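Notes follow the structure.
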Amino acid sequence: MSMFVVGLTGGIGSGKTVASDRFEELGVKVVDADIASRVVVEIGKPALSSIEGEFGSDVISDDGSLNRAKLREIIFKDDEAKSWLESLLHPLIGQHILDEIASATSRYVILVSPLLFETTQFQMCNRTLLIDVPKDIQILRTAKRDKVPESQVEKIIASQMDRDQKISKADDVIVNDGEIGDLISKIDKIHQRYIELADG
Ligand code: ATP
């Protein structure tokens with residue numbers, strides 16, 4: 001039987017981590033696309049050699065690991081380099097996520113990904129859940145958490161997919177505009193629904 005997968009997404013500082021931690025507490029296996037994207041370029045993985053072959057030893061740190069800041073800098077100003085990198089990494093990340101999903105023993109799986117709708121990852125999901133937050137709250141919480149100016153958070157938000165666009169793509173939307181306890185209650189409630197859907 002194939003696993004029921006719920007994709008969890010949201011903009012920066014929307015509450016994905018708080019939400020996925022709660023799903024984990026409820027016994028749901030959480031697969032993290034961010035972690036997958038790091039695993040595929042670990043030291044010794046073929047993708048790291050390919051990246052070094054393409055961009056040179058500049059993108060490798062002294063300890064042999066990927067220099068992400070350097071790589072980001074390169075692809076930021078070079079669209080072709082960006083697509084080369086994406087076509088190398090996206091299938092590997094996708095396969096790693098599928099392997100993690102396959103090893104799960106919970107009644108369903110949460111796939112948490114900030115780029116669920118921006119990649120093909122949403123296609124791995126039976127259902128998608130957006131953690132949505134009004135922009136002013138999102139800015140305040142993120143600036144506080146990351147100890148950065150609000151203007152910097154605003155720039156990141158502007159670079160991410162529109163809130164409305166995400167709302168229109170998601171099957172389920174939880175608005176995280178109250179206290180943490182309210183978010184937890186909403187997760188607990190939707191968890192019951194997902195168990196029904198997974199079992200049905
Ligand atoms: P990112 O994509 O940047 O990793 P995220 O979506 O995982 O962010 P969280 O880290 O879960 O977001 O939440 C952002 C910050 O807001 C955290 O400091 C978190 O503790 C806080 N937070 C989340 N929900 C609430 C809430 N309902 N009330 C107050 N603070 C909250």
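Letters A, B, ... go to the chains of the structure tokens in the order shown; residues in each chain start at 1; ligands are counted from 1 in the same order.
Using only C-alpha atoms, the residues found no farther than 9 Å from region 16-18 of chain A, other than those of its own chain fewer than 5 positions away, are Leu8, Thr9, Gly10, Gly11, Phe23, Val112, Ser113, Pro114, Leu130, Ile131, Ile180, Leu183 and Ile184 of chain A.
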Output of the above residues as a short mmCIF file (atom, residue, chain, number, x, y, z; two decimals), in the first residue's frame, restricted to all heavy atoms:
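File produced: selection-v1.cif:
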data_model
loop_
_atom_site.label_atom_id
_atom_site.label_comp_id
_atom_site.auth_asym_id
_atom_site.auth_seq_id
_atom_site.Cartn_x
_atom_site.Cartn_y
_atom_site.Cartn_z
N LEU A 8 3.57 20.06 3.57
CA LEU A 8 3.40 21.20 4.47
C LEU A 8 4.30 22.33 4.00
O LEU A 8 5.51 22.13 3.84
CB LEU A 8 3.77 20.77 5.90
CG LEU A 8 3.83 21.84 7.00
CD1 LEU A 8 2.46 22.38 7.29
CD2 LEU A 8 4.44 21.26 8.25
N THR A 9 3.71 23.50 3.77
CA THR A 9 4.54 24.60 3.30
C THR A 9 4.07 25.92 3.90
O THR A 9 3.08 25.97 4.65
CB THR A 9 4.57 24.66 1.76
OG1 THR A 9 5.61 25.55 1.34
CG2 THR A 9 3.24 25.10 1.16
N GLY A 10 4.78 26.99 3.58
CA GLY A 10 4.48 28.32 4.09
C GLY A 10 5.69 29.19 3.87
O GLY A 10 6.79 28.68 3.68
N GLY A 11 5.51 30.49 3.90
CA GLY A 11 6.60 31.43 3.69
C GLY A 11 7.56 31.44 4.87
O GLY A 11 7.38 30.70 5.85
N PHE A 23 3.28 17.75 14.56
CA PHE A 23 2.93 16.50 13.86
C PHE A 23 3.82 15.36 14.36
O PHE A 23 3.36 14.24 14.55
CB PHE A 23 3.07 16.67 12.35
CG PHE A 23 1.89 17.35 11.69
CD1 PHE A 23 2.02 18.62 11.14
CD2 PHE A 23 0.65 16.73 11.61
CE1 PHE A 23 0.94 19.26 10.52
CE2 PHE A 23 -0.44 17.35 11.00
CZ PHE A 23 -0.28 18.63 10.45
N VAL A 112 7.64 18.38 4.76
CA VAL A 112 7.72 19.83 4.96
C VAL A 112 8.74 20.41 3.99
O VAL A 112 9.87 19.95 3.88
CB VAL A 112 8.01 20.20 6.45
CG1 VAL A 112 9.21 19.49 7.00
CG2 VAL A 112 8.20 21.70 6.62
N SER A 113 8.28 21.42 3.24
CA SER A 113 9.14 22.02 2.22
C SER A 113 8.76 23.48 2.00
O SER A 113 7.62 23.78 1.70
CB SER A 113 9.00 21.26 0.90
OG SER A 113 9.70 21.96 -0.12
N PRO A 114 9.75 24.38 2.13
CA PRO A 114 9.45 25.79 1.85
C PRO A 114 9.16 26.00 0.35
O PRO A 114 8.56 27.00 -0.01
CB PRO A 114 10.72 26.53 2.27
CG PRO A 114 11.77 25.52 2.45
CD PRO A 114 11.14 24.17 2.59
N LEU A 130 -1.07 24.55 3.82
CA LEU A 130 -0.33 25.81 3.90
C LEU A 130 -0.48 26.41 5.29
O LEU A 130 -1.59 26.51 5.82
CB LEU A 130 -0.90 26.80 2.86
CG LEU A 130 -0.35 28.23 2.93
CD1 LEU A 130 1.10 28.28 2.46
CD2 LEU A 130 -1.21 29.18 2.07
N ILE A 131 0.66 26.77 5.90
CA ILE A 131 0.61 27.58 7.11
C ILE A 131 0.69 29.02 6.65
O ILE A 131 1.72 29.46 6.11
CB ILE A 131 1.77 27.26 8.08
CG1 ILE A 131 1.87 25.75 8.38
CG2 ILE A 131 1.60 28.05 9.38
CD1 ILE A 131 0.68 25.14 9.09
N ILE A 180 0.67 30.42 19.96
CA ILE A 180 1.22 29.11 19.57
C ILE A 180 0.20 28.01 19.90
O ILE A 180 0.00 27.08 19.11
CB ILE A 180 2.56 28.83 20.29
CG1 ILE A 180 3.60 29.88 19.88
CG2 ILE A 180 3.03 27.40 20.04
CD1 ILE A 180 4.83 29.39 19.16
N LEU A 183 -2.27 27.44 17.22
CA LEU A 183 -1.71 26.70 16.09
C LEU A 183 -1.69 25.20 16.42
O LEU A 183 -2.08 24.37 15.60
CB LEU A 183 -0.30 27.21 15.77
CG LEU A 183 0.48 26.45 14.68
CD1 LEU A 183 -0.27 26.48 13.34
CD2 LEU A 183 1.88 27.03 14.49
N ILE A 184 -1.24 24.89 17.64
CA ILE A 184 -1.18 23.48 18.07
C ILE A 184 -2.58 22.84 17.99
O ILE A 184 -2.72 21.73 17.47
CB ILE A 184 -0.62 23.40 19.52
CG1 ILE A 184 0.79 24.01 19.62
CG2 ILE A 184 -0.66 21.97 20.05
CD1 ILE A 184 1.91 23.23 19.00
#
Close residues, Gly7 (chain A) itself excluded, 8 Å, only C-alpha atoms, min 5 positions apart in chain, as a PyMOL selection string: chain A and resi 110-113+116+122+125-129
Test item: residues no farther than 12 Å from ligand 1, counting only C-alpha atoms and all ligand atoms, as a VMD selection string: chain A and resid 8 to 22 32 to 35 112 to 116 130 to 134 137 to 147 153 156 to 157 160 174 to 187
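For the pair CA of Glu42 (chain A) and CA of Leu92 (chain A), the interatomic distance is 12.2 Å.
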Backbone DSSP call of alpha helix (DSSP H) for region 11-178 of chain A, listed as a PyMOL selection string: chain A and resi 16-25+33-39+46-55+68-76+79-102+135-146+150-159+163-169
Nearest residue to Val40 (chain A) from the set A:Lys155, A:Arg68, A:His191, A:His96 (distances using only C-alpha atoms):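 Closest to Val40 (chain A) of all the choices is A:His96.
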DSSP-assigned strand (DSSP E) among chain A, expressed as a list of chain:residue names: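 Filtering chain A down to strand (DSSP E) leaves A:Val5, A:Val6, A:Gly7, A:Leu8, A:Thr9, A:Lys29, A:Val30, A:Val31, A:Asp32, A:Val109, A:Ile110, A:Leu111, A:Val112, A:Arg127, A:Thr128, A:Leu129, A:Leu130, A:Ile131, A:Asp132, A:Asp172, A:Val173, A:Ile174, A:Val175.
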Limited to N, CA and C atoms, could you put the picked residues into a file as a PDB file, in the first residue's frame?
ATOM      1  N   VAL A   5       0.697  11.032   1.800  1.00  0.00           N
ATOM      2  CA  VAL A   5       1.666  12.103   2.037  1.00  0.00           C
ATOM      3  C   VAL A   5       0.973  13.466   2.060  1.00  0.00           C
ATOM      4  N   VAL A   6       1.209  14.206   3.131  1.00  0.00           N
ATOM      5  CA  VAL A   6       0.689  15.569   3.238  1.00  0.00           C
ATOM      6  C   VAL A   6       1.857  16.539   3.120  1.00  0.00           C
ATOM      7  N   GLY A   7       1.842  17.386   2.115  1.00  0.00           N
ATOM      8  CA  GLY A   7       2.884  18.399   1.945  1.00  0.00           C
ATOM      9  C   GLY A   7       2.572  19.604   2.804  1.00  0.00           C
ATOM     10  N   LEU A   8       3.571  20.059   3.573  1.00  0.00           N
ATOM     11  CA  LEU A   8       3.396  21.202   4.473  1.00  0.00           C
ATOM     12  C   LEU A   8       4.299  22.329   4.004  1.00  0.00           C
ATOM     13  N   THR A   9       3.714  23.495   3.768  1.00  0.00           N
ATOM     14  CA  THR A   9       4.545  24.600   3.299  1.00  0.00           C
ATOM     15  C   THR A   9       4.067  25.925   3.900  1.00  0.00           C
ATOM     16  N   LYS A  29       5.537  10.712  10.915  1.00  0.00           N
ATOM     17  CA  LYS A  29       6.896  10.869  10.386  1.00  0.00           C
ATOM     18  C   LYS A  29       6.978  12.160   9.563  1.00  0.00           C
ATOM     19  N   VAL A  30       7.983  12.969   9.863  1.00  0.00           N
ATOM     20  CA  VAL A  30       8.181  14.215   9.126  1.00  0.00           C
ATOM     21  C   VAL A  30       9.423  14.092   8.255  1.00  0.00           C
ATOM     22  N   VAL A  31       9.240  14.277   6.964  1.00  0.00           N
ATOM     23  CA  VAL A  31      10.361  14.303   6.025  1.00  0.00           C
ATOM     24  C   VAL A  31      10.597  15.761   5.655  1.00  0.00           C
ATOM     25  N   ASP A  32      11.844  16.210   5.760  1.00  0.00           N
ATOM     26  CA  ASP A  32      12.179  17.624   5.590  1.00  0.00           C
ATOM     27  C   ASP A  32      12.960  17.815   4.288  1.00  0.00           C
ATOM     28  N   VAL A 109       2.528  10.588   6.266  1.00  0.00           N
ATOM     29  CA  VAL A 109       3.803  11.295   6.357  1.00  0.00           C
ATOM     30  C   VAL A 109       3.576  12.776   6.069  1.00  0.00           C
ATOM     31  N   ILE A 110       4.292  13.624   6.803  1.00  0.00           N
ATOM     32  CA  ILE A 110       4.330  15.055   6.483  1.00  0.00           C
ATOM     33  C   ILE A 110       5.614  15.326   5.697  1.00  0.00           C
ATOM     34  N   LEU A 111       5.469  15.930   4.519  1.00  0.00           N
ATOM     35  CA  LEU A 111       6.644  16.388   3.772  1.00  0.00           C
ATOM     36  C   LEU A 111       6.702  17.901   3.927  1.00  0.00           C
ATOM     37  N   VAL A 112       7.636  18.381   4.760  1.00  0.00           N
ATOM     38  CA  VAL A 112       7.725  19.826   4.961  1.00  0.00           C
ATOM     39  C   VAL A 112       8.740  20.412   3.993  1.00  0.00           C
ATOM     40  N   ARG A 127      -2.098  15.466  -0.536  1.00  0.00           N
ATOM     41  CA  ARG A 127      -2.778  16.643  -0.042  1.00  0.00           C
ATOM     42  C   ARG A 127      -1.742  17.673   0.371  1.00  0.00           C
ATOM     43  N   THR A 128      -2.118  18.950   0.320  1.00  0.00           N
ATOM     44  CA  THR A 128      -1.152  19.983   0.718  1.00  0.00           C
ATOM     45  C   THR A 128      -1.760  20.894   1.784  1.00  0.00           C
ATOM     46  N   LEU A 129      -0.908  21.290   2.715  1.00  0.00           N
ATOM     47  CA  LEU A 129      -1.327  22.146   3.830  1.00  0.00           C
ATOM     48  C   LEU A 129      -0.433  23.377   3.878  1.00  0.00           C
ATOM     49  N   LEU A 130      -1.073  24.548   3.820  1.00  0.00           N
ATOM     50  CA  LEU A 130      -0.332  25.810   3.896  1.00  0.00           C
ATOM     51  C   LEU A 130      -0.479  26.407   5.293  1.00  0.00           C
ATOM     52  N   ILE A 131       0.656  26.769   5.899  1.00  0.00           N
ATOM     53  CA  ILE A 131       0.610  27.575   7.114  1.00  0.00           C
ATOM     54  C   ILE A 131       0.693  29.024   6.646  1.00  0.00           C
ATOM     55  N   ASP A 132      -0.421  29.712   6.804  1.00  0.00           N
ATOM     56  CA  ASP A 132      -0.537  31.073   6.281  1.00  0.00           C
ATOM     57  C   ASP A 132      -0.506  32.060   7.442  1.00  0.00           C
ATOM     58  N   ASP A 172      -5.517  22.635   2.052  1.00  0.00           N
ATOM     59  CA  ASP A 172      -5.886  23.075   3.393  1.00  0.00           C
ATOM     60  C   ASP A 172      -5.039  24.279   3.776  1.00  0.00           C
ATOM     61  N   VAL A 173      -5.651  25.212   4.498  1.00  0.00           N
ATOM     62  CA  VAL A 173      -4.924  26.397   4.959  1.00  0.00           C
ATOM     63  C   VAL A 173      -5.165  26.567   6.451  1.00  0.00           C
ATOM     64  N   ILE A 174      -4.081  26.684   7.207  1.00  0.00           N
ATOM     65  CA  ILE A 174      -4.182  27.022   8.625  1.00  0.00           C
ATOM     66  C   ILE A 174      -3.604  28.416   8.783  1.00  0.00           C
ATOM     67  N   VAL A 175      -4.391  29.318   9.361  1.00  0.00           N
ATOM     68  CA  VAL A 175      -3.918  30.682   9.569  1.00  0.00           C
ATOM     69  C   VAL A 175      -3.283  30.765  10.959  1.00  0.00           C
TER      70      VAL A 175
END
Gap from CA of Gly53 (chain A) to CA of Glu80 (chain A) - Å, one decimal: 15.5 Å
